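Trainee: Dropping in target.txt, with compact mmCIF, C-alpha atoms.
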```
# COMPACT_ATOMS: atom_id res chain seq x y z
CA MET A 1 3.07 -72.79 -53.27
CA THR A 2 4.47 -70.81 -56.22
CA TRP A 3 8.16 -70.00 -56.23
CA ASP A 4 8.89 -68.20 -59.48
CA HIS A 5 6.87 -65.02 -59.71
CA GLU A 6 6.99 -61.57 -58.19
CA PRO A 7 5.47 -60.97 -54.73
CA PRO A 8 2.20 -59.06 -54.40
CA THR A 9 2.50 -55.30 -54.50
CA THR A 10 0.03 -54.91 -51.64
CA PRO A 11 0.29 -56.69 -48.29
CA PRO A 12 -2.43 -59.02 -47.02
CA ASN A 13 -4.82 -57.88 -44.38
CA PRO A 14 -3.75 -59.34 -41.03
CA ALA A 15 -6.77 -57.88 -39.24
CA ASP A 16 -7.72 -61.13 -37.56
CA GLU A 17 -4.95 -63.53 -36.57
CA TRP A 18 -6.01 -66.59 -34.58
CA LEU A 19 -4.09 -68.28 -31.86
CA GLY A 20 -6.75 -70.96 -31.64
CA ALA A 21 -6.22 -72.31 -35.17
CA PRO A 22 -3.98 -71.52 -38.14
CA PRO A 23 -5.41 -69.65 -41.14
CA THR A 24 -7.33 -71.86 -43.54
CA THR A 25 -6.28 -69.98 -46.65
CA SER A 26 -3.18 -68.20 -47.85
CA THR A 27 -3.20 -64.86 -49.63
CA TRP A 28 0.53 -64.69 -50.19
CA GLY A 29 2.45 -64.67 -53.45
CA GLY A 30 5.70 -66.32 -54.43
CA ALA A 31 9.37 -65.50 -54.34
CA PRO A 32 11.00 -62.34 -55.66
CA THR A 33 13.04 -62.55 -58.83
CA PRO A 34 16.09 -64.80 -58.30
CA PRO A 35 19.47 -63.02 -58.16
CA PRO A 36 21.73 -62.94 -61.24
CA GLU A 37 24.77 -65.17 -61.44
CA ARG A 38 27.86 -63.76 -59.76
CA SER A 39 30.91 -63.68 -62.01
CA ASN A 40 33.32 -63.33 -59.12
CA ILE A 41 32.49 -66.84 -57.92
CA GLY A 42 32.61 -68.49 -61.33
CA SER A 43 29.38 -70.14 -62.41
CA LEU A 44 28.33 -70.73 -58.83
CA ALA A 45 24.88 -69.27 -58.20
CA PRO A 46 21.67 -70.62 -56.76
CA LYS A 47 19.03 -71.61 -59.27
CA ARG A 48 16.41 -70.21 -56.94
CA THR A 49 15.94 -69.03 -53.42
CA ASN A 50 12.82 -70.37 -51.77
CA PRO A 51 10.60 -68.25 -49.49
CA VAL A 52 9.67 -69.72 -46.14
CA LEU A 53 8.31 -66.46 -44.93
CA ARG A 54 5.53 -64.23 -46.21
CA TYR A 55 6.14 -61.12 -44.20
CA VAL A 56 7.91 -59.90 -41.13
CA VAL A 57 5.95 -58.23 -38.35
CA ALA A 58 8.53 -56.26 -36.43
CA LEU A 59 9.45 -52.98 -34.85
CA VAL A 60 10.70 -52.02 -38.30
CA VAL A 61 7.76 -52.78 -40.57
CA VAL A 62 8.85 -54.41 -43.81
CA ILE A 63 5.53 -55.31 -45.40
CA GLY A 64 5.52 -52.22 -47.63
CA LEU A 65 8.91 -53.12 -49.11
CA PHE A 66 7.53 -56.19 -50.86
CA GLY A 67 6.12 -54.00 -53.57
CA LEU A 68 9.69 -52.88 -54.29
CA GLY A 69 10.87 -56.42 -54.83
CA PHE A 70 12.09 -57.12 -51.33
CA GLY A 71 11.30 -60.37 -49.58
CA VAL A 72 12.27 -62.71 -46.82
CA ARG A 73 13.74 -65.83 -48.32
CA SER A 74 14.93 -69.22 -47.25
CA ILE A 75 18.61 -69.71 -47.78
CA VAL A 76 19.00 -73.18 -49.22
CA GLY A 77 21.31 -73.24 -52.23
CA THR A 78 20.62 -75.13 -55.45
CA GLU A 79 23.26 -76.64 -57.64
CA ASN A 80 23.50 -76.22 -61.38
CA THR A 81 24.93 -79.23 -63.19
CA SER A 82 27.69 -77.02 -64.56
CA THR A 83 28.51 -75.60 -61.17
CA THR A 84 31.85 -76.38 -59.57
CA ILE A 85 31.54 -76.50 -55.79
CA VAL A 86 34.64 -75.18 -54.09
CA ALA A 87 35.43 -77.77 -51.44
CA GLY A 88 37.85 -77.56 -48.58
CA ALA A 89 38.79 -74.66 -46.35
CA SER A 90 41.59 -73.62 -44.07
CA ASN A 91 39.60 -73.84 -40.85
CA SER A 92 41.28 -75.17 -37.74
CA ALA A 93 39.50 -78.51 -38.11
CA GLN A 94 41.42 -79.11 -41.34
CA ASN A 95 44.81 -77.64 -40.42
CA SER A 96 47.62 -80.14 -39.98
CA ALA A 97 48.75 -78.40 -36.80
CA PRO A 98 46.34 -77.15 -34.13
CA VAL A 99 46.31 -73.44 -33.41
CA THR A 100 45.70 -72.13 -29.92
CA VAL A 101 43.26 -69.23 -29.92
CA ASP A 102 42.81 -66.93 -26.96
CA PRO A 103 39.03 -66.43 -26.62
CA GLY A 104 39.58 -63.11 -24.89
CA VAL A 105 41.71 -61.72 -27.71
CA GLU A 106 40.06 -63.43 -30.70
CA PRO A 107 36.52 -64.42 -29.66
CA ILE A 108 35.29 -64.93 -33.22
CA ALA A 109 38.24 -67.12 -34.17
CA TYR A 110 37.75 -69.08 -30.97
CA ALA A 111 34.02 -69.57 -31.61
CA ALA A 112 34.75 -70.67 -35.17
CA SER A 113 37.31 -73.23 -34.00
CA VAL A 114 34.77 -74.69 -31.58
CA VAL A 115 31.77 -74.69 -33.91
CA SER A 116 33.24 -75.67 -37.29
CA PRO A 117 33.85 -79.37 -36.51
CA SER A 118 30.12 -79.69 -35.73
CA VAL A 119 28.85 -78.12 -38.96
CA VAL A 120 28.21 -80.25 -42.04
CA LEU A 121 27.33 -79.75 -45.69
CA ILE A 122 24.09 -81.44 -46.79
CA THR A 123 23.62 -82.26 -50.47
CA THR A 124 20.24 -83.35 -51.85
CA SER A 125 18.84 -84.13 -55.29
CA LYS A 126 17.74 -80.49 -55.56
CA GLY A 127 20.59 -78.54 -54.01
CA LEU A 128 22.57 -78.05 -50.86
CA GLY A 129 22.41 -76.63 -47.37
CA SER A 130 24.07 -76.93 -44.00
CA GLY A 131 23.47 -78.77 -40.76
CA VAL A 132 24.59 -78.92 -37.14
CA VAL A 133 25.56 -82.13 -35.35
CA TYR A 134 23.71 -81.88 -32.04
CA GLY A 135 23.72 -85.51 -30.87
CA ASN A 136 25.36 -88.82 -31.65
CA ASP A 137 24.75 -89.40 -35.37
CA LEU A 138 22.04 -86.70 -35.34
CA VAL A 139 22.12 -83.59 -37.54
CA MET A 140 19.72 -80.68 -37.17
CA THR A 141 18.91 -78.69 -40.30
CA ASN A 142 16.06 -76.80 -41.99
CA ALA A 143 12.97 -78.55 -43.29
CA HIS A 144 13.30 -76.70 -46.59
CA VAL A 145 16.82 -78.12 -47.06
CA VAL A 146 15.64 -81.74 -47.06
CA GLU A 147 12.17 -81.16 -48.50
CA GLY A 148 10.97 -84.22 -50.42
CA GLU A 149 14.08 -86.28 -49.59
CA THR A 150 14.40 -89.54 -47.70
CA THR A 151 18.19 -89.75 -47.92
CA VAL A 152 20.88 -87.09 -48.33
CA THR A 153 24.66 -86.87 -48.50
CA VAL A 154 26.33 -85.36 -45.45
CA ARG A 155 29.92 -84.12 -45.62
CA ASN A 156 31.78 -83.37 -42.38
CA SER A 157 34.35 -80.62 -41.77
CA LYS A 158 37.13 -82.92 -42.96
CA GLY A 159 35.42 -83.38 -46.33
CA GLU A 160 34.34 -86.98 -45.69
CA ALA A 161 30.96 -87.99 -47.13
CA PHE A 162 28.31 -90.07 -45.36
CA LYS A 163 24.79 -91.20 -46.22
CA GLY A 164 22.10 -89.62 -44.07
CA GLU A 165 18.50 -90.70 -43.43
CA VAL A 166 15.89 -87.97 -43.06
CA LEU A 167 14.02 -88.85 -39.87
CA GLY A 168 11.39 -86.17 -40.28
CA ALA A 169 10.71 -82.49 -40.72
CA ASP A 170 8.40 -79.84 -39.34
CA THR A 171 7.63 -77.21 -41.96
CA GLY A 172 5.98 -74.95 -39.40
CA THR A 173 9.21 -74.24 -37.55
CA ASP A 174 11.40 -75.21 -40.53
CA ILE A 175 13.34 -77.82 -38.55
CA ALA A 176 14.36 -81.29 -39.72
CA VAL A 177 16.59 -84.06 -38.38
CA VAL A 178 18.94 -86.32 -40.35
CA ARG A 179 20.46 -89.48 -38.87
CA VAL A 180 23.96 -90.30 -40.11
CA THR A 181 25.21 -93.63 -38.79
CA GLY A 182 28.93 -93.54 -38.08
CA LEU A 183 29.24 -89.81 -38.69
CA GLU A 184 32.66 -88.56 -37.65
CA ALA A 185 32.03 -85.10 -36.28
CA SER A 186 32.01 -83.21 -33.01
CA VAL A 187 28.71 -82.74 -31.19
CA ALA A 188 27.88 -79.06 -30.81
CA LYS A 189 27.12 -77.53 -27.44
CA LEU A 190 23.73 -75.81 -27.36
CA ALA A 191 23.44 -72.48 -25.58
CA THR A 192 21.19 -72.15 -22.56
CA ASP A 193 21.92 -68.59 -21.46
CA LYS A 194 19.53 -65.82 -22.35
CA LEU A 195 20.61 -63.83 -25.39
CA GLN A 196 21.26 -60.11 -25.45
CA VAL A 197 21.00 -57.70 -28.36
CA GLY A 198 24.48 -56.62 -29.44
CA GLN A 199 26.35 -59.76 -28.42
CA ILE A 200 28.68 -61.47 -30.90
CA ALA A 201 27.07 -63.86 -33.37
CA VAL A 202 29.14 -66.25 -35.51
CA ALA A 203 27.61 -68.09 -38.48
CA VAL A 204 29.14 -71.27 -39.92
CA GLY A 205 27.82 -73.04 -43.01
CA SER A 206 28.21 -73.53 -46.75
CA PRO A 207 27.01 -70.39 -48.56
CA PHE A 208 26.98 -71.04 -52.33
CA GLY A 209 28.53 -74.42 -51.55
CA LEU A 210 31.64 -72.89 -49.99
CA GLU A 211 32.10 -75.34 -47.15
CA GLN A 212 33.12 -74.29 -43.65
CA THR A 213 32.60 -70.58 -44.28
CA VAL A 214 32.69 -68.44 -41.14
CA THR A 215 31.06 -65.02 -40.92
CA SER A 216 30.37 -62.84 -37.92
CA GLY A 217 28.25 -60.00 -36.65
CA ILE A 218 25.98 -59.38 -33.72
CA VAL A 219 22.56 -60.35 -32.47
CA SER A 220 20.57 -57.53 -34.04
CA ALA A 221 17.19 -58.25 -32.43
CA LEU A 222 15.39 -60.89 -30.41
CA ASN A 223 11.88 -62.32 -30.66
CA ARG A 224 11.45 -60.98 -34.18
CA PRO A 225 8.09 -62.51 -35.24
CA VAL A 226 8.24 -64.06 -38.69
CA ASP A 227 5.17 -65.63 -40.30
CA ASN A 228 5.68 -68.44 -42.79
CA ASP A 229 3.42 -69.98 -45.42
CA LYS A 230 2.02 -72.47 -42.90
CA GLY A 231 0.41 -69.77 -40.78
CA VAL A 232 3.00 -70.39 -38.07
CA VAL A 233 4.83 -67.49 -36.44
CA VAL A 234 8.29 -68.17 -35.02
CA ASN A 235 10.01 -65.52 -32.92
CA MET A 236 13.43 -65.46 -34.56
CA VAL A 237 16.91 -64.32 -33.63
CA GLN A 238 17.85 -61.55 -36.05
CA THR A 239 21.51 -61.13 -36.97
CA ASP A 240 23.69 -59.11 -39.32
CA ALA A 241 26.22 -61.95 -39.65
CA SER A 242 26.47 -62.58 -43.38
CA ILE A 243 24.38 -65.59 -44.42
CA ASN A 244 23.47 -66.55 -47.98
CA PRO A 245 21.92 -69.41 -50.00
CA GLY A 246 23.55 -72.59 -48.73
CA ASN A 247 23.73 -71.36 -45.12
CA SER A 248 20.28 -72.84 -44.44
CA GLY A 249 20.38 -75.20 -41.48
CA GLY A 250 23.81 -74.02 -40.39
CA ALA A 251 24.96 -72.74 -37.05
CA LEU A 252 24.61 -69.36 -35.41
CA ALA A 253 26.80 -69.37 -32.32
CA ASN A 254 27.85 -67.12 -29.46
CA ARG A 255 31.42 -66.18 -28.56
CA ASN A 256 31.79 -69.42 -26.59
CA GLY A 257 30.99 -71.55 -29.61
CA GLU A 258 27.57 -72.51 -28.25
CA ILE A 259 24.74 -72.77 -30.78
CA ILE A 260 22.16 -70.02 -30.29
CA GLY A 261 20.15 -70.63 -33.45
CA ILE A 262 19.73 -72.50 -36.74
CA ASN A 263 20.05 -70.13 -39.70
CA SER A 264 16.90 -70.22 -41.77
CA SER A 265 16.21 -67.14 -43.87
CA ILE A 266 17.27 -63.69 -44.98
CA TYR A 267 15.52 -60.45 -45.78
CA SER A 268 16.84 -59.40 -49.14
CA LYS A 269 16.15 -57.53 -52.36
CA SER A 270 18.68 -59.44 -54.42
CA GLY A 271 18.43 -62.87 -52.79
CA GLU A 272 21.82 -62.37 -51.20
CA ASN A 273 22.88 -60.98 -47.85
CA ASN A 274 21.75 -57.50 -46.90
CA GLY A 275 22.73 -57.80 -43.28
CA ILE A 276 19.33 -59.01 -42.06
CA GLY A 277 19.18 -62.72 -41.37
CA PHE A 278 16.99 -64.86 -39.18
CA ALA A 279 17.79 -67.93 -37.11
CA ILE A 280 15.41 -70.26 -35.31
CA PRO A 281 16.18 -70.02 -31.57
CA ILE A 282 17.99 -73.13 -30.46
CA ALA A 283 15.50 -73.89 -27.68
CA THR A 284 12.67 -73.97 -30.23
CA ALA A 285 14.75 -75.99 -32.70
CA LYS A 286 15.81 -78.54 -30.08
CA ARG A 287 12.25 -79.01 -28.80
CA VAL A 288 11.03 -79.78 -32.31
CA ALA A 289 14.03 -81.97 -33.13
CA ASP A 290 13.46 -84.07 -30.00
CA LYS A 291 9.87 -84.74 -31.03
CA ILE A 292 10.95 -85.75 -34.52
CA VAL A 293 13.56 -88.17 -33.18
CA GLY A 294 11.02 -89.57 -30.72
CA GLY A 295 8.50 -90.17 -33.50
CA GLN A 296 6.05 -87.72 -31.95
CA ALA A 297 3.83 -85.27 -33.76
CA VAL A 298 4.93 -81.66 -33.52
CA THR A 299 1.88 -79.94 -32.05
CA ARG A 300 1.30 -76.21 -31.72
CA ALA A 301 0.27 -74.53 -28.52
CA GLY A 302 -2.64 -72.08 -28.66
CA LEU A 303 -4.49 -69.64 -26.45
CA GLY A 304 -7.79 -69.70 -28.31
CA LEU A 305 -8.23 -65.99 -28.95
CA SER A 306 -7.97 -63.51 -31.79
CA GLY A 307 -6.94 -59.92 -32.21
CA PRO A 308 -5.74 -57.26 -34.65
CA SER A 309 -2.12 -56.78 -35.62
CA THR A 310 -2.16 -53.37 -33.93
CA THR A 311 -3.95 -52.31 -30.77
CA PRO A 312 -6.90 -49.89 -31.03
CA SER A 313 -5.23 -47.52 -28.56
CA GLY A 314 -1.80 -47.69 -30.15
CA ASP A 315 -0.32 -49.09 -26.94
CA ALA A 316 2.23 -51.88 -27.06
CA GLY A 317 0.78 -55.33 -26.43
CA ALA A 318 -1.64 -57.84 -27.94
CA TYR A 319 -5.26 -56.69 -27.90
CA VAL A 320 -7.79 -59.46 -27.33
CA GLN A 321 -10.65 -58.95 -29.74
CA SER A 322 -12.47 -62.21 -29.07
CA VAL A 323 -12.03 -65.35 -26.98
CA THR A 324 -13.03 -68.86 -28.06
CA GLY A 325 -15.55 -70.33 -25.64
CA GLY A 326 -14.09 -73.26 -23.73
CA GLY A 327 -10.60 -72.56 -25.05
CA ALA A 328 -7.41 -72.09 -23.05
CA ALA A 329 -7.75 -68.33 -22.66
CA ASP A 330 -11.41 -68.60 -21.72
CA LYS A 331 -10.69 -71.23 -19.06
CA GLY A 332 -7.79 -69.15 -17.76
CA GLY A 333 -9.88 -66.02 -17.29
CA ILE A 334 -8.76 -63.95 -20.28
CA LYS A 335 -11.56 -61.75 -21.66
CA SER A 336 -12.30 -59.76 -24.77
CA GLY A 337 -10.88 -56.26 -24.40
CA ASP A 338 -7.84 -57.37 -22.39
CA LEU A 339 -4.41 -56.14 -23.45
CA ILE A 340 -1.80 -58.89 -23.07
CA ILE A 341 1.54 -57.34 -22.14
CA SER A 342 3.67 -60.36 -21.16
CA ILE A 343 3.93 -64.15 -21.14
CA GLU A 344 6.07 -65.60 -18.34
CA ALA A 345 7.46 -62.09 -17.73
CA ASN A 346 8.57 -61.82 -21.38
CA PRO A 347 7.20 -58.55 -22.81
CA ILE A 348 4.65 -58.75 -25.61
CA HIS A 349 4.65 -55.80 -27.99
CA SER A 350 2.24 -56.99 -30.69
CA PHE A 351 -0.25 -59.72 -31.47
CA ASP A 352 2.17 -61.37 -33.86
CA GLU A 353 4.84 -61.45 -31.18
CA LEU A 354 2.27 -63.12 -28.93
CA ARG A 355 1.71 -65.79 -31.58
CA GLY A 356 5.43 -66.47 -31.85
CA THR A 357 5.86 -66.56 -28.08
CA VAL A 358 3.06 -69.08 -27.61
CA ASN A 359 4.47 -71.19 -30.44
CA ALA A 360 7.63 -71.72 -28.37
CA TYR A 361 5.58 -73.70 -25.82
CA SER A 362 3.81 -77.05 -26.02
CA PRO A 363 0.13 -77.85 -25.46
CA GLY A 364 -0.44 -78.52 -21.77
CA ASP A 365 2.18 -76.03 -20.58
CA THR A 366 0.91 -73.56 -17.99
CA VAL A 367 2.07 -69.98 -18.41
CA THR A 368 1.52 -66.72 -16.57
CA VAL A 369 -0.26 -64.23 -18.80
CA GLN A 370 -0.17 -60.61 -17.68
CA VAL A 371 -2.90 -58.32 -18.98
CA ILE A 372 -4.19 -54.81 -18.53
CA ARG A 373 -7.93 -54.80 -17.94
CA SER A 374 -9.74 -51.50 -17.43
CA GLY A 375 -6.44 -49.89 -16.49
CA VAL A 376 -5.53 -52.53 -13.91
CA THR A 377 -2.66 -55.00 -14.41
CA GLN A 378 -3.64 -58.60 -13.62
CA ASN A 379 -1.97 -62.02 -13.87
CA PHE A 380 -3.69 -65.20 -15.06
CA GLN A 381 -2.50 -68.79 -15.09
CA VAL A 382 -3.38 -70.31 -18.46
CA THR A 383 -2.88 -73.91 -19.52
CA LEU A 384 -2.20 -73.81 -23.25
CA GLY A 385 -4.35 -75.81 -25.63
CA ALA A 386 -3.48 -77.29 -29.01
CA LEU A 387 -4.05 -75.75 -32.40
CA LYS A 388 -6.33 -77.79 -34.60
```
Go ahead and render the structure in this file as structure tokens.
Mentor:
Amino acid sequence: MTWDHEPPTTPPNPADEWLGAPPTTSTWGGAPTPPPERSNIGSLAPKRTNPVLRYVVALVVVIGLFGLGFGVRSIVGTENTSTTIVAGASNSAQNSAPVTVDPGVEPIAYAASVVSPSVVLITTSKGLGSGVVYGNDLVMTNAHVVEGETTVTVRNSKGEAFKGEVLGADTGTDIAVVRVTGLEASVAKLATDKLQVGQIAVAVGSPFGLEQTVTSGIVSALNRPVDNDKGVVVNMVQTDASINPGNSGGALANRNGEIIGINSSIYSKSGENNGIGFAIPIATAKRVADKIVGGQAVTRAGLGLSGPSTTPSGDAGAYVQSVTGGGAADKGGIKSGDLIISIEANPIHSFDELRGTVNAYSPGDTVTVQVIRSGVTQNFQVTLGALK
């Protein structure tokens, strides 16, 4: 993958996207031009910002903006040898006296006080990112943060440094796990409630190396399908909470301080925050992390069908152009010409959203697929297969 040249001025042709197997070739370019150094933060600026995403398929189409220099970028920060990292912050975890925060009056301050002790700074040989302590001695982060590393340095909210071992990473979902023996940090609580657009979102991480930085916003959109360079679509949580290089792998939390996502990427012209960020849903991140810790391969679920990015009729849904014989969809009764409108009662608006939805399951899971066939709505029970 090339990181240091302009993106293509014309988008690729997504006419045939397979759920039975990932694409065998990539037609995508590299990252947009890196942002200039920012004088207002001294010499602190990322050497590069790496793309994990090639385009966003969404209600607001962004493909055409690539020709103008826009792009979706990963948000790992890189350190220059002359860079001075500003360490320490005045968060509650580091105050000498505890402060009582009323969650009803100051929900963001409350969420920050709960989340911050669980968020760490991760430093590698190439740069820095963030992580979330989600189990005893276990830190969840992005795969692109620890890419190529076997060990990293992990610094807790008190500024104490520990050696961490990279247990494994899945580049498809951009999730990795680091084990830090004896890590002194709080274990984050992971959210289980269903998210709603408009609810408070609080991000905690180390943008530009500024440890324990808290920003806030809202959940801007749900199930935003984002395709990365591995041909894997992940339905992301979109937020306008300010996240920047160095926030990668950090926490996105709700007003209760429960983790709703792992910050992964931004959509930006400059490489810095434009109010459109993406986080991997915590359920997806936790499922992948558990497999990594258990030494299991992270397999992708598939339906075994293909279709265009837009439906021939213009209706919302995923149009089935062809079905692989003997595949999951075929065995479940799905036919060419069907319009898939939901999976497990979750609405499907496009084929790319279908890909991201299926990716959240595991091979062998049985799901209810609702389709419109010849004007009639029908339900089918489909046992998902594995991508090969």
Trainee: What is the distance, in Å and to one decimal place, between CA of Gly302 in chain A and CA of Val376 in chain A?
Mentor: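 Here the two named atoms are 24.7 Å from each other.
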Trainee: Please determine the residues with any atom at most 8 Å from (20.9, -87.0, -35.3) (coordinates as given in the file, with only C-alpha atoms counting) and report them as a ChimeraX atom specification.
Mentor: /A:133-140,177-180,293
Trainee: Taking C-alpha atoms for each residue, export the selection above as a PDB file, in the frame of the given file.
Mentor:
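Contents of the output file out.pdb:
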```pdb
ATOM      1  CA  VAL A 133      25.560 -82.130 -35.350  1.00  0.00           C
ATOM      2  CA  TYR A 134      23.710 -81.880 -32.040  1.00  0.00           C
ATOM      3  CA  GLY A 135      23.720 -85.510 -30.870  1.00  0.00           C
ATOM      4  CA  ASN A 136      25.360 -88.820 -31.650  1.00  0.00           C
ATOM      5  CA  ASP A 137      24.750 -89.400 -35.370  1.00  0.00           C
ATOM      6  CA  LEU A 138      22.040 -86.700 -35.340  1.00  0.00           C
ATOM      7  CA  VAL A 139      22.120 -83.590 -37.540  1.00  0.00           C
ATOM      8  CA  MET A 140      19.720 -80.680 -37.170  1.00  0.00           C
ATOM      9  CA  VAL A 177      16.590 -84.060 -38.380  1.00  0.00           C
ATOM     10  CA  VAL A 178      18.940 -86.320 -40.350  1.00  0.00           C
ATOM     11  CA  ARG A 179      20.460 -89.480 -38.870  1.00  0.00           C
ATOM     12  CA  VAL A 180      23.960 -90.300 -40.110  1.00  0.00           C
ATOM     13  CA  VAL A 293      13.560 -88.170 -33.180  1.00  0.00           C
TER      14      VAL A 293
END
```
Trainee: Using all atoms listed in the file, collect all residues at a distance of at most 6 Å from (14.9, -62.6, -47.4) as written in the file, then present them as a VMD selection string.
Mentor: chain A and resid 71 to 73 265 to 268
Trainee: What gap, in Å, lies between CA of Thr171 in chain A and CA of Ile343 in chain A?
Mentor: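 These atoms are spaced 24.9 Å apart.
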Trainee: Using all atoms listed in the file, which protein or nucleic acid residues come within 12 Å of Arg373 in chain A? Drop anything in the same chain fewer than 5 positions from it, and give the result as a list in words.
Mentor: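 Near Arg373 in chain A, the qualifying residues are Tyr319, Val320, Gly333, Ile334, Lys335, Ser336, Gly337, Asp338, Leu339, Ile340, Ile341, Gln378, Asn379 and Phe380 of chain A.
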Trainee: Any chance you could tabulate, as a Markdown table, the residues of range 210-287 of chain A at most 12 Å from range 148-169 of chain A with each one's nearest atom pair and distance in Å to one decimal, using all atoms listed in the file, in chain and rising number order?
Mentor:
```
| residue | atom | partner | partner_atom | distance |
| --- | --- | --- | --- | --- |
| A:Leu210 | CA | A:Ser157 | CA | 11.6 |
| A:Glu211 | CA | A:Ser157 | CA | 7.9 |
| A:Gln212 | CA | A:Ser157 | CA | 6.7 |
| A:Thr213 | CA | A:Ser157 | CA | 10.5 |
| A:Ala285 | CA | A:Ala169 | CA | 11.1 |
```
